[in-house]
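The block underneath contains the structure these notes are about, expressed in structure tokens.
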Amino acid sequence: MQGMRDPRSLRALAHPLRLKLLGILRTDGAHSVGQLAGLVDEAPGTVSYHLGTLAEFGFVVPAPERARDGRERWWQAAHSHTVFEPAELLDDPEQHGAVRVLQQAILQSYLGELLDALDAEPALGRDWVAASNHSDSFGYLTAPQLAEFSAELAALSRKWEAAS
């Protein structure tokens with residue numbers, strides 16, 4: 001797990017393609033530049049550039065042991081998670097601005113994934129669609145209640161991440 005405070009690294013990660021590349025490397029393991037280019041529908045040169053930026057800030061590392069020859073470049077995620085605490089960055093306008101840009105990019109990425117999931121529903125089995133949850137429920141929480149809810153949600157996330 002990598003903690004982040006440096007505004008430059010926060011901004012570097014805030015790029016949609018970099019988030020996507022890092023996500024693939026974290027969930028599916030090491031990939032070659034060519035494989036990643038095919039997965040994200042980008043030119044290998046573009047993918048290499050963005051991987052270089054991720055490497056500069058310690059998000060990815062080369063995986064040369066995976067290459068079949070000297071021309072093939074493989075990369076892997078350096079950490080399983082990236083953690084940043086927005087509350088700790090509030091006092092520094094540069095840090096807060098950078099984390100806000102990153103949070104916006106992450107939320108845009110999540111929205112895209114959710115929309116893709118909705119588009120895929122007709123091709124899924126009825127049991128998968130029935131197992132999903134769509135709701136418009138909400139609650140008004142105090143700050144301590146929100147902290148408790150966040151801790152419970154993090155624990156639940158860890159539970160199901162470990163199960164996969």
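Please note that chains go A, B, ... in the order of the structure tokens, that every chain numbers its residues from 1, and that ligands are numbered from 1 in the order shown.
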
Task: Every residue of chain A that DSSP places in helix (DSSP H, G or I), as a ChimeraX atom specification - done: /A:7-13,16-28,33-40,44-56,64-66,86-89,93-123,126-131,143-163

Please give the complete set of residues from stretch 11-163 of chain A that DSSP, run on the backbone, assigns to strand (DSSP E), formatted as an mmCIF file with C-alpha atoms, in the first residue's frame.
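Writing done, so here's out-v1.cif:
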```
data_model
loop_
_atom_site.group_PDB
_atom_site.id
_atom_site.type_symbol
_atom_site.label_atom_id
_atom_site.label_comp_id
_atom_site.auth_asym_id
_atom_site.auth_seq_id
_atom_site.Cartn_x
_atom_site.Cartn_y
_atom_site.Cartn_z
ATOM 1 C CA HIS A 31 1.383 -7.096 -18.531
ATOM 2 C CA SER A 32 3.487 -6.125 -21.483
ATOM 3 C CA VAL A 60 4.508 0.735 -11.256
ATOM 4 C CA VAL A 61 7.824 -1.065 -11.659
ATOM 5 C CA PRO A 62 9.352 -2.962 -14.571
ATOM 6 C CA TRP A 74 6.595 -5.667 -18.956
ATOM 7 C CA TRP A 75 5.229 -3.733 -16.004
ATOM 8 C CA GLN A 76 3.601 -4.554 -12.696
ATOM 9 C CA ALA A 77 1.949 -2.538 -9.960
ATOM 10 C CA THR A 82 -3.014 3.789 -2.984
ATOM 11 C CA VAL A 83 -4.152 5.604 0.126
#
```

TODO: May I have the residues within 9 Å of A:Arg18 as a list in words, using only C-alpha atoms and disregarding those fewer than 2 positions away in the same chain?
DONE: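 Here the answer would be Ala12, Leu13, Ala14, His15, Pro16, Lys20, Leu21, Leu22, Gly23, Val47, His50, Leu51, Thr53 and Leu54 of chain A.
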
Residues as selected, N, CA, C and O atoms, written as an mmCIF file, in the first residue's frame, can you do that?
```cif
data_model
loop_
_atom_site.group_PDB
_atom_site.id
_atom_site.type_symbol
_atom_site.label_atom_id
_atom_site.label_comp_id
_atom_site.auth_asym_id
_atom_site.auth_seq_id
_atom_site.Cartn_x
_atom_site.Cartn_y
_atom_site.Cartn_z
ATOM 1 N N ALA A 12 -0.246 13.225 -11.051
ATOM 2 C CA ALA A 12 0.185 12.231 -12.040
ATOM 3 C C ALA A 12 -0.804 11.080 -12.116
ATOM 4 O O ALA A 12 -1.110 10.582 -13.201
ATOM 5 N N LEU A 13 -1.314 10.668 -10.978
ATOM 6 C CA LEU A 13 -2.254 9.553 -10.955
ATOM 7 C C LEU A 13 -3.643 9.958 -11.425
ATOM 8 O O LEU A 13 -4.435 9.118 -11.835
ATOM 9 N N ALA A 14 -3.946 11.243 -11.417
ATOM 10 C CA ALA A 14 -5.286 11.728 -11.741
ATOM 11 C C ALA A 14 -5.645 11.608 -13.220
ATOM 12 O O ALA A 14 -6.755 11.944 -13.608
ATOM 13 N N HIS A 15 -4.759 11.121 -14.044
ATOM 14 C CA HIS A 15 -5.051 10.963 -15.474
ATOM 15 C C HIS A 15 -5.881 9.692 -15.696
ATOM 16 O O HIS A 15 -5.528 8.619 -15.194
ATOM 17 N N PRO A 16 -6.988 9.769 -16.436
ATOM 18 C CA PRO A 16 -7.866 8.599 -16.610
ATOM 19 C C PRO A 16 -7.160 7.362 -17.162
ATOM 20 O O PRO A 16 -7.413 6.252 -16.695
ATOM 21 N N LYS A 20 -6.546 3.728 -15.283
ATOM 22 C CA LYS A 20 -6.980 2.479 -15.909
ATOM 23 C C LYS A 20 -5.820 1.484 -16.008
ATOM 24 O O LYS A 20 -5.978 0.305 -15.691
ATOM 25 N N LEU A 21 -4.660 1.952 -16.433
ATOM 26 C CA LEU A 21 -3.493 1.075 -16.541
ATOM 27 C C LEU A 21 -3.106 0.504 -15.179
ATOM 28 O O LEU A 21 -2.866 -0.696 -15.039
ATOM 29 N N LEU A 22 -3.066 1.360 -14.173
ATOM 30 C CA LEU A 22 -2.714 0.904 -12.835
ATOM 31 C C LEU A 22 -3.750 -0.091 -12.319
ATOM 32 O O LEU A 22 -3.399 -1.111 -11.715
ATOM 33 N N GLY A 23 -5.011 0.162 -12.587
ATOM 34 C CA GLY A 23 -6.065 -0.761 -12.178
ATOM 35 C C GLY A 23 -5.895 -2.133 -12.809
ATOM 36 O O GLY A 23 -6.050 -3.162 -12.135
ATOM 37 N N VAL A 47 0.874 4.295 -24.271
ATOM 38 C CA VAL A 47 0.874 3.475 -23.059
ATOM 39 C C VAL A 47 2.236 3.534 -22.385
ATOM 40 O O VAL A 47 2.327 3.699 -21.161
ATOM 41 N N HIS A 50 2.692 6.827 -20.480
ATOM 42 C CA HIS A 50 1.933 6.898 -19.232
ATOM 43 C C HIS A 50 2.480 5.930 -18.179
ATOM 44 O O HIS A 50 2.485 6.244 -16.982
ATOM 45 N N LEU A 51 2.977 4.776 -18.611
ATOM 46 C CA LEU A 51 3.615 3.865 -17.663
ATOM 47 C C LEU A 51 4.893 4.492 -17.105
ATOM 48 O O LEU A 51 5.203 4.331 -15.922
ATOM 49 N N THR A 53 5.388 7.637 -16.601
ATOM 50 C CA THR A 53 4.961 8.612 -15.588
ATOM 51 C C THR A 53 4.574 7.902 -14.299
ATOM 52 O O THR A 53 4.951 8.337 -13.205
ATOM 53 N N LEU A 54 3.835 6.812 -14.416
ATOM 54 C CA LEU A 54 3.475 6.042 -13.218
ATOM 55 C C LEU A 54 4.727 5.507 -12.509
ATOM 56 O O LEU A 54 4.792 5.505 -11.280
#
```

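Atom CA of A:Leu17 lies 14.6 Å from atom CA of A:Gln103.
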